[in-house]
Every structure is written in C-alpha cells, then in structure tokens.
Amino acid sequence: MTFRLALVLAILPLAQILSAQAPYKTPTDDVVRIVNAKPTPIVSISPNKEWMLLTDYNPNPNIAVLSDPFLKLAGLRISPSLNARQRITEFTGMTLLNIGDGKKVNIECPKDGRLNASAWSPDGKKLAFLVDYPTGVQLFVADVQTGKSRKLGNVNQNDILGTPMQWMKGNEHILVKIITNYRDWE
C-alpha cells in the first residue's frame with residue numbers, strides 16, 4: 001500500500017508537467033479579430049488649430065521589439081544600441097487631417113526606421129519627428145502642406161531624459177540633445 005501511494009505521488013507531478021506541454025491552441029476568430037483590430041490613432045492638434053495629427057500604432061509589438069536588450073537605470077529602461085529609452089509602442093504612420101476642409105496629408109516616413117516622438121513648430125506649419133535606426137535616433141522635419149519630410153543632419157539624438165527636441169521661436173530652429181561621436185565607453 002505504501003509503495004502504491006509513493007508511486008502515485010511520484011507520478012502525479014509528472015502528469016501535471018506533461019499536461020502543461022499541450023500544443024498551442026489558436027483562439028476563435030472573434031478573439032483574433034478583436035486583438036488584431038486597428039486601434040484609434042493618437043491625436044495631436046497643431047498650435048494654429050488648423051491641423052490634426054493622427055499617429056497610427058501597433059498595440060501588440062512583435063517579439064523582436066520585446067526582446068531587444070535594455071539597461072535598467074533609476075527606473076528607466078535604456079536601449080544601449082539606440083542611446084534612448086526602450087520603445088515598446090510601434091508607431092506605424094502619421095497622417096495630417098485639415099480641421100477646416102477635411103483634407104488628408106500623409107507624412108513621408110522613412111521605411112528603414114521606426115517612428116518615434118513628434119513635435120509641432122510654433123506656427124503649426126512644420127512637424128519634427130524622430131526615427132529610430134539600429135545605430136541611433138535621427139531627426140526629421142515634415143512640411144504640413146505637402147507631407148514631404150527630410151532628415152536634419154547626421155547626428156544621433158539623446159532622448160533619455162526630458163524632451164528630445166524643442167522648436168525655437170521663429171519656427172526655423174530646433175534645439176536638440178545630440179550624442180557626441182567622441183565618447184569613450186572604455
């Protein structure tokens with residue numbers, strides 16, 4: 001009797017482990033449709049109240065984004081490859097909507113990088129935004145009327161603490177925090 005009891009007690013945890021190895025079950029179509037539904041875009045109104053920026057995003061980042069290594073520093077998650085905060089939200093596109101006439105303008109975004117923060121110029125005629133590349137964060141500026149964008153300079157931005165960019169009065173200059181090329185990590 002004692003042997004049988006010991007055998008049952010030994011096999012019971014093994015049975016639980018084996019049952020936990022059940023194959024992945026695909027959820028029903030309704031659940032998949034809800035999880036994959038396109039979310040409502042993030043909205044930002046221009047300072048002149050003429051335009052609305054609609055930023056689309058993916059609420060379910062892929063495993064490559066989630067597995068990107070990061071450093072823990074004072075409650076922040078820092079991506080060492082970007083020299084920036086860890087990015088979980090994947091922005092997928094930006095569209096401008098004219099509030100007066102309903103005209104839509106798609107912002108040209110680089111295909112080889114990931115969109116990040118954006119900031120309106122004080123007059124609302126330009127939009128600055130950051131793009132993450134494997135080696136760092138670059139600054140772009142788009143014209144609101146046409147959606148055409150261009151990269152500003154060839155320096156990496158530092159957006160770990162505070163605002164990564166700030167438009168100056170006059171709408172022609174942007175104050176940025178850059179990462180110098182002569183840093184010595186060793």
# chains A, B, ... in the order shown; residues from 1 in each chain; ligands from 1
call {"tool": "closest_atom_pairs", "arguments": {"of": "range 125-151 of chain A", "to": "range 81-96 of chain A", "cutoff": "7 Å", "atoms": "only C-alpha atoms", "output": "CSV"}}
result
residue,atom,partner,partner_atom,distance
A:Pro134,CA,A:Leu82,CA,6.6
A:Thr135,CA,A:Leu82,CA,5.8
A:Gly136,CA,A:Leu82,CA,4.2
A:Val137,CA,A:Leu82,CA,6.3
call {"tool": "write_last_selection", "arguments": {"atoms": "N, CA and C atoms", "output": "CSV table (one decimal), in the first residue's frame"}}
result
chain,number,residue,atom,x,y,z
A,134,PRO,N,19.0,51.3,-36.3
A,134,PRO,CA,19.7,50.3,-35.4
A,134,PRO,C,20.9,51.0,-34.7
A,135,THR,N,21.4,52.1,-35.2
A,135,THR,CA,22.6,52.7,-34.6
A,135,THR,C,22.3,54.0,-33.8
A,136,GLY,N,21.0,54.4,-33.8
A,136,GLY,CA,20.7,55.6,-33.1
A,136,GLY,C,19.4,56.3,-33.6
A,137,VAL,N,19.1,57.5,-33.0
A,137,VAL,CA,17.9,58.2,-33.3
A,137,VAL,C,18.2,59.4,-34.1
call {"tool": "closest_atom_pairs", "arguments": {"of": "range 75-164 of chain A", "to": "range 49-53 of chain A", "cutoff": "10 Å", "atoms": "only C-alpha atoms", "output": "CSV"}}
result
residue,atom,partner,partner_atom,distance
A:Met94,CA,A:Leu53,CA,6.8
A:Thr95,CA,A:Leu53,CA,5.9
A:Leu96,CA,A:Leu53,CA,4.7
A:Leu97,CA,A:Met52,CA,5.1
A:Asn98,CA,A:Trp51,CA,4.6
A:Ile99,CA,A:Trp51,CA,5.5
A:Gly100,CA,A:Glu50,CA,6.7
A:Asp101,CA,A:Glu50,CA,9.5
A:Gly102,CA,A:Trp51,CA,9.3
A:Lys103,CA,A:Trp51,CA,9.4
A:Lys104,CA,A:Trp51,CA,9.4
A:Val105,CA,A:Leu53,CA,9.5
A:Asn106,CA,A:Leu53,CA,9.8
A:Ile107,CA,A:Leu53,CA,9.6
A:Ser118,CA,A:Leu53,CA,9.6
A:Trp120,CA,A:Leu53,CA,9.4
A:Asp123,CA,A:Lys49,CA,9.7
A:Gly124,CA,A:Trp51,CA,7.7
A:Lys125,CA,A:Trp51,CA,9.1
A:Leu127,CA,A:Leu53,CA,9.3
A:Val144,CA,A:Trp51,CA,8.3
A:Gln145,CA,A:Trp51,CA,9.8
call {"tool": "atom_distance", "arguments": {"atom1": "CA of Phe129 in chain A", "atom2": "CA of Met165 in chain A"}}
result
8.6 Å
call {"tool": "atom_distance", "arguments": {"atom1": "CA of Lys111 in chain A", "atom2": "CA of Gln138 in chain A"}}
result
13.3 Å
call {"tool": "select_by_dssp", "arguments": {"residues": "chain A", "states": "strand (DSSP E or B)", "output": "ChimeraX atom specification"}}
result
/A:42-45,51-58,71-73,76-79,84-85,90-98,104-106,114-120,126-133,136-143,149-151,157,165-167,174-176,178
call {"tool": "select_by_dssp", "arguments": {"residues": "range 5-175 of chain A", "states": "helix (DSSP H, G or I)", "output": "JSON, numbers by chain"}}
result
{"A": [5, 6, 7, 8, 9, 10, 11, 12, 13, 14, 15, 16, 17, 18, 19, 20, 29, 30, 31, 32, 33, 34, 35, 63, 64, 65, 66]}
call {"tool": "write_last_selection", "arguments": {"atoms": "C-alpha atoms", "output": "JSON list (two decimals), in the first residue's frame"}}
result
[["chain", "number", "residue", "atom", "x", "y", "z"],
["A", 5, "LEU", "CA", 0.90, 5.62, -2.58],
["A", 6, "ALA", "CA", 4.51, 6.62, -3.17],
["A", 7, "LEU", "CA", 4.20, 5.69, -6.84],
["A", 8, "VAL", "CA", 1.03, 7.74, -7.28],
["A", 9, "LEU", "CA", 2.62, 10.74, -5.51],
["A", 10, "ALA", "CA", 5.68, 10.44, -7.76],
["A", 11, "ILE", "CA", 3.68, 10.16, -10.98],
["A", 12, "LEU", "CA", 1.20, 12.96, -10.17],
["A", 13, "PRO", "CA", 3.68, 15.87, -10.65],
["A", 14, "LEU", "CA", 5.00, 14.18, -13.80],
["A", 15, "ALA", "CA", 1.46, 14.01, -15.20],
["A", 16, "GLN", "CA", 0.96, 17.72, -14.48],
["A", 17, "ILE", "CA", 4.20, 18.61, -16.24],
["A", 18, "LEU", "CA", 3.28, 16.52, -19.28],
["A", 19, "SER", "CA", -0.22, 18.02, -19.46],
["A", 20, "ALA", "CA", 1.33, 21.51, -19.42],
["A", 29, "ASP", "CA", -11.83, 34.08, -34.99],
["A", 30, "ASP", "CA", -13.74, 36.63, -32.87],
["A", 31, "VAL", "CA", -10.90, 36.86, -30.35],
["A", 32, "VAL", "CA", -8.28, 37.15, -33.12],
["A", 33, "ARG", "CA", -10.31, 39.91, -34.80],
["A", 34, "ILE", "CA", -10.57, 41.88, -31.52],
["A", 35, "VAL", "CA", -6.87, 41.56, -30.68],
["A", 63, "ILE", "CA", 8.76, 39.55, -30.19],
["A", 64, "ALA", "CA", 11.83, 41.25, -31.72],
["A", 65, "VAL", "CA", 10.77, 44.57, -30.15],
["A", 66, "LEU", "CA", 10.04, 43.00, -26.78]]
call {"tool": "atom_distance", "arguments": {"atom1": "CA of Pro80 in chain A", "atom2": "CA of Asp132 in chain A"}}
result
12.5 Å
call {"tool": "residues_around", "arguments": {"residues": "Ser149 in chain A", "least_positions_apart": "5", "cutoff": "8 Å", "atoms": "only C-alpha atoms", "output": "PDB file with N, CA and C atoms, in the first residue's frame"}}
result
ATOM      1  N   ILE A 107       2.238  61.909 -44.049  1.00  0.00           N
ATOM      2  CA  ILE A 107       3.606  62.319 -43.792  1.00  0.00           C
ATOM      3  C   ILE A 107       4.548  61.253 -44.348  1.00  0.00           C
ATOM      4  N   GLU A 108       5.510  61.674 -45.167  1.00  0.00           N
ATOM      5  CA  GLU A 108       6.519  60.743 -45.676  1.00  0.00           C
ATOM      6  C   GLU A 108       7.401  60.300 -44.518  1.00  0.00           C
ATOM      7  N   CYS A 109       7.410  59.019 -44.259  1.00  0.00           N
ATOM      8  CA  CYS A 109       8.216  58.467 -43.171  1.00  0.00           C
ATOM      9  C   CYS A 109       9.203  57.470 -43.754  1.00  0.00           C
ATOM     10  N   PHE A 140      13.893  64.286 -38.168  1.00  0.00           N
ATOM     11  CA  PHE A 140      13.303  64.620 -39.459  1.00  0.00           C
ATOM     12  C   PHE A 140      12.332  65.781 -39.265  1.00  0.00           C
ATOM     13  N   VAL A 141      12.106  66.542 -40.333  1.00  0.00           N
ATOM     14  CA  VAL A 141      11.110  67.606 -40.328  1.00  0.00           C
ATOM     15  C   VAL A 141      10.246  67.448 -41.566  1.00  0.00           C
ATOM     16  N   ALA A 142       8.917  67.576 -41.379  1.00  0.00           N
ATOM     17  CA  ALA A 142       7.968  67.446 -42.481  1.00  0.00           C
ATOM     18  C   ALA A 142       7.222  68.755 -42.674  1.00  0.00           C
ATOM     19  N   ASP A 143       6.923  69.069 -43.929  1.00  0.00           N
ATOM     20  CA  ASP A 143       6.091  70.214 -44.259  1.00  0.00           C
ATOM     21  C   ASP A 143       4.631  69.783 -44.143  1.00  0.00           C
TER      22      ASP A 143
END
call {"tool": "closest_residue", "arguments": {"among": "A:Pro61, A:Ala117, A:Lys72, A:Ser67", "to": "Ile42 in chain A", "atoms": "only C-alpha atoms"}}
result
A:Ala117
call {"tool": "closest_residue", "arguments": {"among": "A:Asn171, A:Lys177, A:Asp112, A:Leu73", "to": "Leu139 in chain A", "atoms": "only C-alpha atoms"}}
result
A:Lys177
call {"tool": "closest_residue", "arguments": {"among": "A:Met168, A:Ile179, A:Leu54, A:Ile174", "to": "Asn156 in chain A", "atoms": "only C-alpha atoms"}}
result
A:Ile179
